[in-house]
Amino acid sequence: MSNHARPGAATVLAALSHTIVLACVAAPLVVVTPATAQIAEVEAALPFQVPAAEVLAARRASLLDSIGTGVVLVRSADERSMDRDYPQASDFRQNNDFLYLTGLETPDSWLLLSSAPDGSRHERLLIPERNEMMESWTGRKPSFEDAAAISGISDVAATEEIDGGVRRFAFRRGGAATVYVPLSDRTRDDELVERLLFDWPLEVRDVEPLIAKLRLVKDEFELRTLQRAIDITAAAHRAAMQHARPGMYEYELEAVIEYTFRAGGAERVGFPSIVGSGPNSVVLHYDKSRRRMEAGDLVVIDIGAEYSYYTADVTRTIPVSGEFTDRQRAIYTLVLGAQQAGMDAVKPGATIQAVHAAARAYMKDHSGDLCGDKTCDAFFVHGVGHWIGMDVHDVGGGAVFEPGMVLTVEPGIYLADEELGVRIEDDVLVTETGYRLMSDKAPRDPDEIEALMRQRLSLN
Ligand SMILES: [Mn+2]
């Protein structure tokens with residue numbers, strides 16, 4: 001608005017007529033009340049969980065075991081600026097490695113660990129001091145005692161001690177010659193890290209691969225938490241199956257899904273929800289959700305709730321009308337078979353490459369003439385899967401499978417000419433003898449999907 005000018009009559013009229021036009025064109029606002037029954041199946045809703053202090057202590061001990069002698073520095077995420085970055089204070093998300101080792105969601109914090117040549121170890125936590133003036137805006141922040149109780153680290157001091165404190169810590173705790181810090185693209189340019197470390201004669205190494213190795217094999221807390229994220233995501237898929245109908249916009253279906261996430265206790269989405277119908281079903285990372293879905297479309301729904309920092313990643317492809325056409329069902333069944341072949345290859349000692357090869361081989365061998373003069377694997381244009389955990393594409397690289405690792409198995413076929421995309425993605429735990437399907441609460445059999453879609457819930 002310009003200066004303090006009062007709106008003239010013309011402006012008011014224009015605004016009014018705009019409203020009138022909108023009222024004529026827009027459909028009446030539909031209040032969505034989905035999914036309550038689905039959530040009831042995911043037990044009682046539980047809020048955010050952190051591991052017990054003993055679990056966190058065991059993770060830190062494992063990290064020090066893996067370095068032998070040295071000092072570890074891990075920094076928390078920073079608070080984001082409400083003015084500059086994002087309008088919500090609640091948008092803060094802790095650095096995964098920091099949370100994994102401390103259980104703390106405090107910003108502007110440091111974890112210091114040391115392991116001396118004589119075998120002695122020390123742990124220290126630096127967090128911001130409480131500021132009661134600020135707490136009338138932000139709510140209560142953890143005190144040093146609170147942080148000690150959550151993390152199991154008894155030596156807690158103020159963040160300001162990082163300057164100088166790191167050197168004292170390193171030298172006093174056994175004159176460690178090696179310092180391990182996260183050396184990602186982000187931290188490499190970090191002025192503070194540089195000032196603290198690179199102007200003194202110590203060897204600096206990257207700690208991230210060492211923590212990644214630990215995070216790759218999930219402990220009991222992680223499996224429980226991840227299972228819950230997956231159960232919430234499966235509930236959202238069932239809700240989507242019961243609400244999808246021709247004429248609905250993709251964003252309406254996305255709203256049903258994300259409502260279910262939040263109602264189940266998920267803090268946020270693990271990644272932008274993909275709800276791609278018709279022509280969008282062949283776009284792998286379509287996340288605009290703006291199209292009106294029509295009878296005859298398939299819709300690819302690739303979603304993941306994030307619960308207590310663990311992210312599910314489950315994809316279902318469903319017919320908007322509630323019934324697959326023969327053609328859609330034939331492609332769907334081929335993808336499903338390829339997925340099963342991939343999962344059957346999951347066992348200790350195998351690799352993601354082996355799973356990929358098994359899924360692709362099945363698809364090639366069972367294509368018949370479904371994809372014209374090519375075999376359908378020509379239209380399976382991405383990798384078969386990835387680790388999941390605190391990141392949706394979790395750390396760990398190309399490791400050989402061991403019990404406790406969790407990966408996705410997600411073949412797809414994308415026929416752009418027919419606007420026909422099918423992806424089926426499940427979350428699979430490597431066990432002693434093979435695998436366990438963690439996302440089995442989201443139907444993937446085409447008959448089961450159609451049966452659930454027949455139980456349509458009304459949005460009105
Ligand atoms: Mn995925």
# chains A, B, ... in the order shown; residues from 1 in each chain; ligands from 1
>>> residues_around(residues="region 388-395 of chain A", least_positions_apart="6", cutoff="6 Å", atoms="only C-alpha atoms", output="PDB file with C-alpha atoms, in the first residue's frame")
ATOM      1  CA  ALA A 212      27.994 -42.598   8.954  1.00  0.00           C
ATOM      2  CA  TYR A 309      14.313 -37.345  12.983  1.00  0.00           C
ATOM      3  CA  TYR A 310      13.736 -40.679  11.197  1.00  0.00           C
ATOM      4  CA  THR A 311      12.229 -40.671   7.730  1.00  0.00           C
ATOM      5  CA  VAL A 406      17.458 -50.366   6.285  1.00  0.00           C
ATOM      6  CA  LEU A 407      17.020 -49.646   2.582  1.00  0.00           C
TER       7      LEU A 407
END
>>> residues_near_ligand(ligand="ligand 1", cutoff="10 Å", atoms="only C-alpha atoms and all ligand atoms", output="list in words")
Phe271, Asp302, Ile303, Gly304, Ala312, Asp313, Val314, Thr315, Gly383, Val384, Gly385, His386, Trp387, Ile388, Val392, His393, Leu407, Thr408, Val409, Glu410, Pro411, Arg423, Ile424, Glu425, Asp426 and Asp427 of chain A
>>> residues_around(residues="region 97-110 of chain A", least_positions_apart="6", cutoff="10 Å", atoms="only C-alpha atoms", output="PyMOL selection string")
chain A and resi 49-53+55-61+63+73-80+124-128+141-142+146-148+150-153+157-162+166+182+207-208+211-212+214-215+222+309+390
>>> write_last_selection(atoms="N, CA and C atoms", output="compact mmCIF listing (two decimals), in the first residue's frame")
# COMPACT_ATOMS: atom_id res chain seq x y z
N GLN A 49 10.48 -38.42 20.42
CA GLN A 49 11.22 -39.32 21.31
C GLN A 49 12.73 -39.10 21.15
N VAL A 50 13.47 -39.16 22.26
CA VAL A 50 14.94 -39.23 22.15
C VAL A 50 15.41 -40.50 22.83
N PRO A 51 16.56 -41.03 22.38
CA PRO A 51 17.06 -42.25 23.00
C PRO A 51 17.44 -42.00 24.47
N ALA A 52 17.48 -43.07 25.25
CA ALA A 52 17.93 -42.98 26.63
C ALA A 52 19.41 -42.57 26.66
N ALA A 53 19.83 -41.94 27.78
CA ALA A 53 21.22 -41.47 27.91
C ALA A 53 22.22 -42.60 27.71
N VAL A 55 21.97 -45.16 25.74
CA VAL A 55 22.07 -45.45 24.30
C VAL A 55 23.00 -44.43 23.63
N LEU A 56 22.82 -43.16 24.01
CA LEU A 56 23.66 -42.10 23.44
C LEU A 56 25.12 -42.30 23.84
N ALA A 57 25.33 -42.69 25.10
CA ALA A 57 26.70 -42.92 25.59
C ALA A 57 27.35 -44.07 24.81
N ALA A 58 26.56 -45.10 24.52
CA ALA A 58 27.11 -46.25 23.77
C ALA A 58 27.52 -45.82 22.36
N ARG A 59 26.74 -44.93 21.75
CA ARG A 59 27.09 -44.44 20.39
C ARG A 59 28.40 -43.65 20.44
N ARG A 60 28.55 -42.80 21.46
CA ARG A 60 29.79 -42.01 21.56
C ARG A 60 30.99 -42.92 21.81
N ALA A 61 30.78 -43.95 22.63
CA ALA A 61 31.87 -44.89 22.90
C ALA A 61 32.28 -45.61 21.61
N LEU A 63 32.03 -44.48 18.63
CA LEU A 63 32.75 -43.53 17.77
C LEU A 63 34.21 -43.43 18.21
N LEU A 73 35.19 -33.20 17.35
CA LEU A 73 34.35 -32.00 17.51
C LEU A 73 33.16 -32.12 16.59
N VAL A 74 31.95 -32.03 17.14
CA VAL A 74 30.75 -32.03 16.30
C VAL A 74 29.91 -30.84 16.69
N ARG A 75 29.52 -30.08 15.70
CA ARG A 75 28.79 -28.85 15.95
C ARG A 75 27.30 -29.05 15.67
N SER A 76 26.46 -28.40 16.43
CA SER A 76 25.02 -28.47 16.18
C SER A 76 24.67 -27.62 14.97
N ALA A 77 23.42 -27.71 14.56
CA ALA A 77 22.92 -26.76 13.56
C ALA A 77 22.77 -25.40 14.23
N ASP A 78 22.74 -24.35 13.42
CA ASP A 78 22.51 -23.00 13.94
C ASP A 78 21.03 -22.67 13.88
N GLU A 79 20.64 -21.79 14.78
CA GLU A 79 19.29 -21.25 14.72
C GLU A 79 19.18 -20.47 13.42
N ARG A 80 18.05 -20.60 12.74
CA ARG A 80 17.91 -19.82 11.51
C ARG A 80 17.27 -18.48 11.84
N ARG A 124 32.56 -33.60 26.61
CA ARG A 124 32.19 -32.26 27.05
C ARG A 124 31.15 -31.69 26.09
N LEU A 125 30.21 -30.98 26.67
CA LEU A 125 29.14 -30.40 25.86
C LEU A 125 29.14 -28.90 26.09
N LEU A 126 29.06 -28.12 25.01
CA LEU A 126 28.94 -26.67 25.13
C LEU A 126 27.59 -26.25 24.56
N ILE A 127 26.78 -25.62 25.38
CA ILE A 127 25.45 -25.18 24.91
C ILE A 127 25.23 -23.73 25.33
N PRO A 128 24.29 -23.04 24.67
CA PRO A 128 24.03 -21.64 25.07
C PRO A 128 23.50 -21.59 26.51
N LYS A 141 14.49 -22.98 27.75
CA LYS A 141 15.56 -23.71 27.06
C LYS A 141 16.23 -24.63 28.07
N PRO A 142 16.91 -25.66 27.59
CA PRO A 142 17.53 -26.58 28.53
C PRO A 142 18.67 -25.91 29.33
N ASP A 146 19.78 -29.99 32.60
CA ASP A 146 18.87 -30.69 31.68
C ASP A 146 19.66 -31.39 30.58
N ALA A 147 20.62 -30.66 30.00
CA ALA A 147 21.41 -31.21 28.90
C ALA A 147 22.21 -32.42 29.36
N ALA A 148 22.73 -32.34 30.59
CA ALA A 148 23.50 -33.46 31.14
C ALA A 148 22.60 -34.69 31.31
N ILE A 150 19.79 -35.45 29.67
CA ILE A 150 19.36 -36.02 28.39
C ILE A 150 20.51 -36.77 27.72
N SER A 151 21.69 -36.13 27.70
CA SER A 151 22.80 -36.67 26.90
C SER A 151 23.64 -37.68 27.65
N GLY A 152 23.61 -37.61 28.98
CA GLY A 152 24.50 -38.46 29.76
C GLY A 152 25.92 -37.91 29.82
N ILE A 153 26.10 -36.65 29.42
CA ILE A 153 27.43 -36.01 29.49
C ILE A 153 27.41 -35.06 30.68
N ALA A 157 29.25 -26.88 29.64
CA ALA A 157 29.63 -25.48 29.84
C ALA A 157 29.01 -24.62 28.74
N ALA A 158 29.28 -23.32 28.78
CA ALA A 158 28.66 -22.37 27.84
C ALA A 158 29.36 -22.40 26.48
N THR A 159 28.60 -22.17 25.44
CA THR A 159 29.11 -22.19 24.07
C THR A 159 30.32 -21.27 23.88
N GLU A 160 30.32 -20.12 24.58
CA GLU A 160 31.41 -19.15 24.43
C GLU A 160 32.78 -19.78 24.69
N GLU A 161 32.81 -20.85 25.47
CA GLU A 161 34.11 -21.45 25.81
C GLU A 161 34.76 -22.18 24.64
N ILE A 162 34.08 -22.19 23.49
CA ILE A 162 34.66 -22.90 22.36
C ILE A 162 35.98 -22.26 21.94
N VAL A 166 38.69 -25.37 23.03
CA VAL A 166 38.97 -26.57 22.24
C VAL A 166 40.44 -26.97 22.39
N PRO A 182 33.52 -32.65 11.29
CA PRO A 182 32.81 -32.87 10.03
C PRO A 182 33.41 -31.98 8.95
N VAL A 207 35.26 -36.51 10.35
CA VAL A 207 34.58 -37.46 11.26
C VAL A 207 33.31 -38.03 10.63
N GLU A 208 32.81 -37.38 9.55
CA GLU A 208 31.51 -37.79 9.02
C GLU A 208 31.44 -39.26 8.57
N ILE A 211 30.97 -41.50 11.65
CA ILE A 211 29.61 -41.49 12.22
C ILE A 211 28.64 -42.17 11.26
N ALA A 212 28.87 -41.98 9.96
CA ALA A 212 27.99 -42.60 8.95
C ALA A 212 28.00 -44.12 9.12
N LEU A 214 28.41 -45.80 11.79
CA LEU A 214 27.58 -46.16 12.95
C LEU A 214 26.10 -46.03 12.60
N ARG A 215 25.74 -44.92 11.94
CA ARG A 215 24.33 -44.66 11.64
C ARG A 215 23.76 -45.67 10.64
N GLU A 222 16.54 -46.81 17.13
CA GLU A 222 16.37 -46.32 15.76
C GLU A 222 15.37 -47.16 14.97
N TYR A 309 13.12 -37.44 13.85
CA TYR A 309 14.31 -37.34 12.98
C TYR A 309 14.54 -38.59 12.12
N MET A 390 18.05 -41.10 9.33
CA MET A 390 17.84 -39.69 9.70
C MET A 390 17.77 -38.81 8.46
>>> atom_distance(atom1="CA of Leu112 (chain A)", atom2="CA of Ser154 (chain A)")
12.2 Å
>>> select_by_dssp(residues="region 191-364 of chain A", states="strand (DSSP E)", output="MDAnalysis selection string")
chainID A and resid 203:206 268:269 274:277 298:303 305:307 310:311 314:319
>>> write_last_selection(atoms="N, CA and C atoms", output="mmCIF file, in the first residue's frame")
data_model
loop_
_atom_site.group_PDB
_atom_site.id
_atom_site.type_symbol
_atom_site.label_atom_id
_atom_site.label_comp_id
_atom_site.auth_asym_id
_atom_site.auth_seq_id
_atom_site.Cartn_x
_atom_site.Cartn_y
_atom_site.Cartn_z
ATOM 1 N N GLU A 203 46.733 -32.744 13.025
ATOM 2 C CA GLU A 203 46.181 -33.348 11.824
ATOM 3 C C GLU A 203 44.662 -33.275 11.928
ATOM 4 N N VAL A 204 44.015 -32.745 10.896
ATOM 5 C CA VAL A 204 42.556 -32.630 10.899
ATOM 6 C C VAL A 204 41.977 -33.659 9.943
ATOM 7 N N ARG A 205 41.054 -34.478 10.469
ATOM 8 C CA ARG A 205 40.424 -35.494 9.611
ATOM 9 C C ARG A 205 38.910 -35.360 9.659
ATOM 10 N N ASP A 206 38.261 -35.960 8.685
ATOM 11 C CA ASP A 206 36.799 -35.891 8.577
ATOM 12 C C ASP A 206 36.152 -36.953 9.474
ATOM 13 N N ARG A 268 7.425 -33.473 10.717
ATOM 14 C CA ARG A 268 7.497 -32.826 9.402
ATOM 15 C C ARG A 268 7.555 -33.900 8.331
ATOM 16 N N VAL A 269 7.544 -33.453 7.073
ATOM 17 C CA VAL A 269 7.763 -34.406 5.984
ATOM 18 C C VAL A 269 9.271 -34.646 5.879
ATOM 19 N N ILE A 274 5.474 -36.258 -3.087
ATOM 20 C CA ILE A 274 5.267 -36.383 -4.529
ATOM 21 C C ILE A 274 3.886 -36.990 -4.756
ATOM 22 N N VAL A 275 3.010 -36.207 -5.362
ATOM 23 C CA VAL A 275 1.672 -36.691 -5.719
ATOM 24 C C VAL A 275 1.499 -36.357 -7.197
ATOM 25 N N GLY A 276 1.887 -37.292 -8.068
ATOM 26 C CA GLY A 276 1.943 -37.001 -9.499
ATOM 27 C C GLY A 276 0.957 -37.856 -10.274
ATOM 28 N N SER A 277 -0.034 -37.207 -10.885
ATOM 29 C CA SER A 277 -1.070 -37.950 -11.608
ATOM 30 C C SER A 277 -0.888 -37.791 -13.114
ATOM 31 N N LEU A 298 -3.299 -42.765 -13.478
ATOM 32 C CA LEU A 298 -2.617 -43.324 -12.318
ATOM 33 C C LEU A 298 -2.045 -42.154 -11.540
ATOM 34 N N VAL A 299 -1.916 -42.296 -10.226
ATOM 35 C CA VAL A 299 -1.215 -41.278 -9.446
ATOM 36 C C VAL A 299 -0.118 -41.957 -8.622
ATOM 37 N N VAL A 300 1.100 -41.453 -8.830
ATOM 38 C CA VAL A 300 2.267 -41.951 -8.085
ATOM 39 C C VAL A 300 2.386 -41.118 -6.809
ATOM 40 N N ILE A 301 2.354 -41.799 -5.667
ATOM 41 C CA ILE A 301 2.392 -41.113 -4.376
ATOM 42 C C ILE A 301 3.649 -41.572 -3.637
ATOM 43 N N ASP A 302 4.667 -40.710 -3.627
ATOM 44 C CA ASP A 302 5.982 -41.045 -3.050
ATOM 45 C C ASP A 302 6.180 -40.134 -1.849
ATOM 46 N N ILE A 303 6.015 -40.702 -0.651
ATOM 47 C CA ILE A 303 5.915 -39.864 0.554
ATOM 48 C C ILE A 303 6.689 -40.473 1.722
ATOM 49 N N ALA A 305 6.874 -39.695 6.135
ATOM 50 C CA ALA A 305 6.771 -38.907 7.363
ATOM 51 C C ALA A 305 8.123 -38.909 8.056
ATOM 52 N N GLU A 306 8.487 -37.775 8.672
ATOM 53 C CA GLU A 306 9.661 -37.756 9.541
ATOM 54 C C GLU A 306 9.179 -37.741 10.976
ATOM 55 N N TYR A 307 9.555 -38.776 11.714
ATOM 56 C CA TYR A 307 9.160 -38.894 13.120
ATOM 57 C C TYR A 307 10.422 -38.969 13.978
ATOM 58 N N TYR A 310 13.596 -39.514 12.078
ATOM 59 C CA TYR A 310 13.736 -40.679 11.197
ATOM 60 C C TYR A 310 12.674 -40.622 10.114
ATOM 61 N N THR A 311 13.085 -40.884 8.887
ATOM 62 C CA THR A 311 12.229 -40.671 7.730
ATOM 63 C C THR A 311 11.910 -41.959 7.002
ATOM 64 N N VAL A 314 8.051 -44.349 1.199
ATOM 65 C CA VAL A 314 7.187 -45.402 0.668
ATOM 66 C C VAL A 314 6.398 -44.843 -0.513
ATOM 67 N N THR A 315 6.369 -45.585 -1.629
ATOM 68 C CA THR A 315 5.634 -45.134 -2.812
ATOM 69 C C THR A 315 4.539 -46.143 -3.166
ATOM 70 N N ARG A 316 3.382 -45.623 -3.444
ATOM 71 C CA ARG A 316 2.305 -46.429 -4.008
ATOM 72 C C ARG A 316 1.807 -45.751 -5.269
ATOM 73 N N THR A 317 1.337 -46.549 -6.220
ATOM 74 C CA THR A 317 0.749 -46.023 -7.447
ATOM 75 C C THR A 317 -0.673 -46.550 -7.525
ATOM 76 N N ILE A 318 -1.637 -45.632 -7.575
ATOM 77 C CA ILE A 318 -3.040 -46.060 -7.508
ATOM 78 C C ILE A 318 -3.846 -45.449 -8.658
ATOM 79 N N PRO A 319 -4.920 -46.144 -9.054
ATOM 80 C CA PRO A 319 -5.777 -45.593 -10.113
ATOM 81 C C PRO A 319 -6.768 -44.601 -9.503
#
>>> residues_around(residues="region 445-458 of chain A", least_positions_apart="5", cutoff="10 Å", atoms="only C-alpha atoms", output="compact mmCIF listing (two decimals) with C-alpha atoms, in the first residue's frame")
# COMPACT_ATOMS: atom_id res chain seq x y z
CA VAL A 32 -11.15 -32.29 5.17
CA THR A 33 -11.50 -34.58 8.15
CA PRO A 34 -9.68 -37.67 6.99
CA ALA A 35 -7.78 -40.51 8.38
CA ARG A 238 -4.32 -45.96 3.17
CA ALA A 239 -5.98 -42.57 3.76
CA ALA A 240 -4.96 -41.46 0.25
CA MET A 241 -6.45 -44.63 -1.24
CA GLN A 242 -9.70 -43.96 0.57
CA HIS A 243 -9.92 -40.31 -0.49
CA ALA A 244 -8.63 -40.21 -4.08
CA ARG A 245 -11.32 -39.59 -6.68
CA ARG A 316 2.30 -46.43 -4.01
CA THR A 317 0.75 -46.02 -7.45
CA ILE A 318 -3.04 -46.06 -7.51
CA PRO A 319 -5.78 -45.59 -10.11
CA VAL A 320 -7.68 -42.35 -9.49
CA SER A 321 -10.94 -44.03 -10.55
CA GLY A 322 -10.41 -46.86 -8.06
CA GLU A 323 -9.80 -49.51 -10.72
CA PHE A 324 -6.70 -50.24 -12.78
CA ARG A 329 -2.50 -53.51 -14.18
CA TYR A 332 1.89 -52.53 -12.33
CA THR A 333 2.17 -56.30 -11.93
CA LEU A 336 5.56 -55.53 -8.41
>>> residues_around(residues="Glu402 (chain A)", least_positions_apart="6", cutoff="10 Å", atoms="only C-alpha atoms", output="VMD selection string")
chain A and resid 216 to 217 346 to 351 429 to 432 434
>>> closest_residue(among="A:Arg444, A:Ala354, A:His237, A:Gly368", to="Gly342 (chain A)", atoms="only C-alpha atoms")
A:Ala354
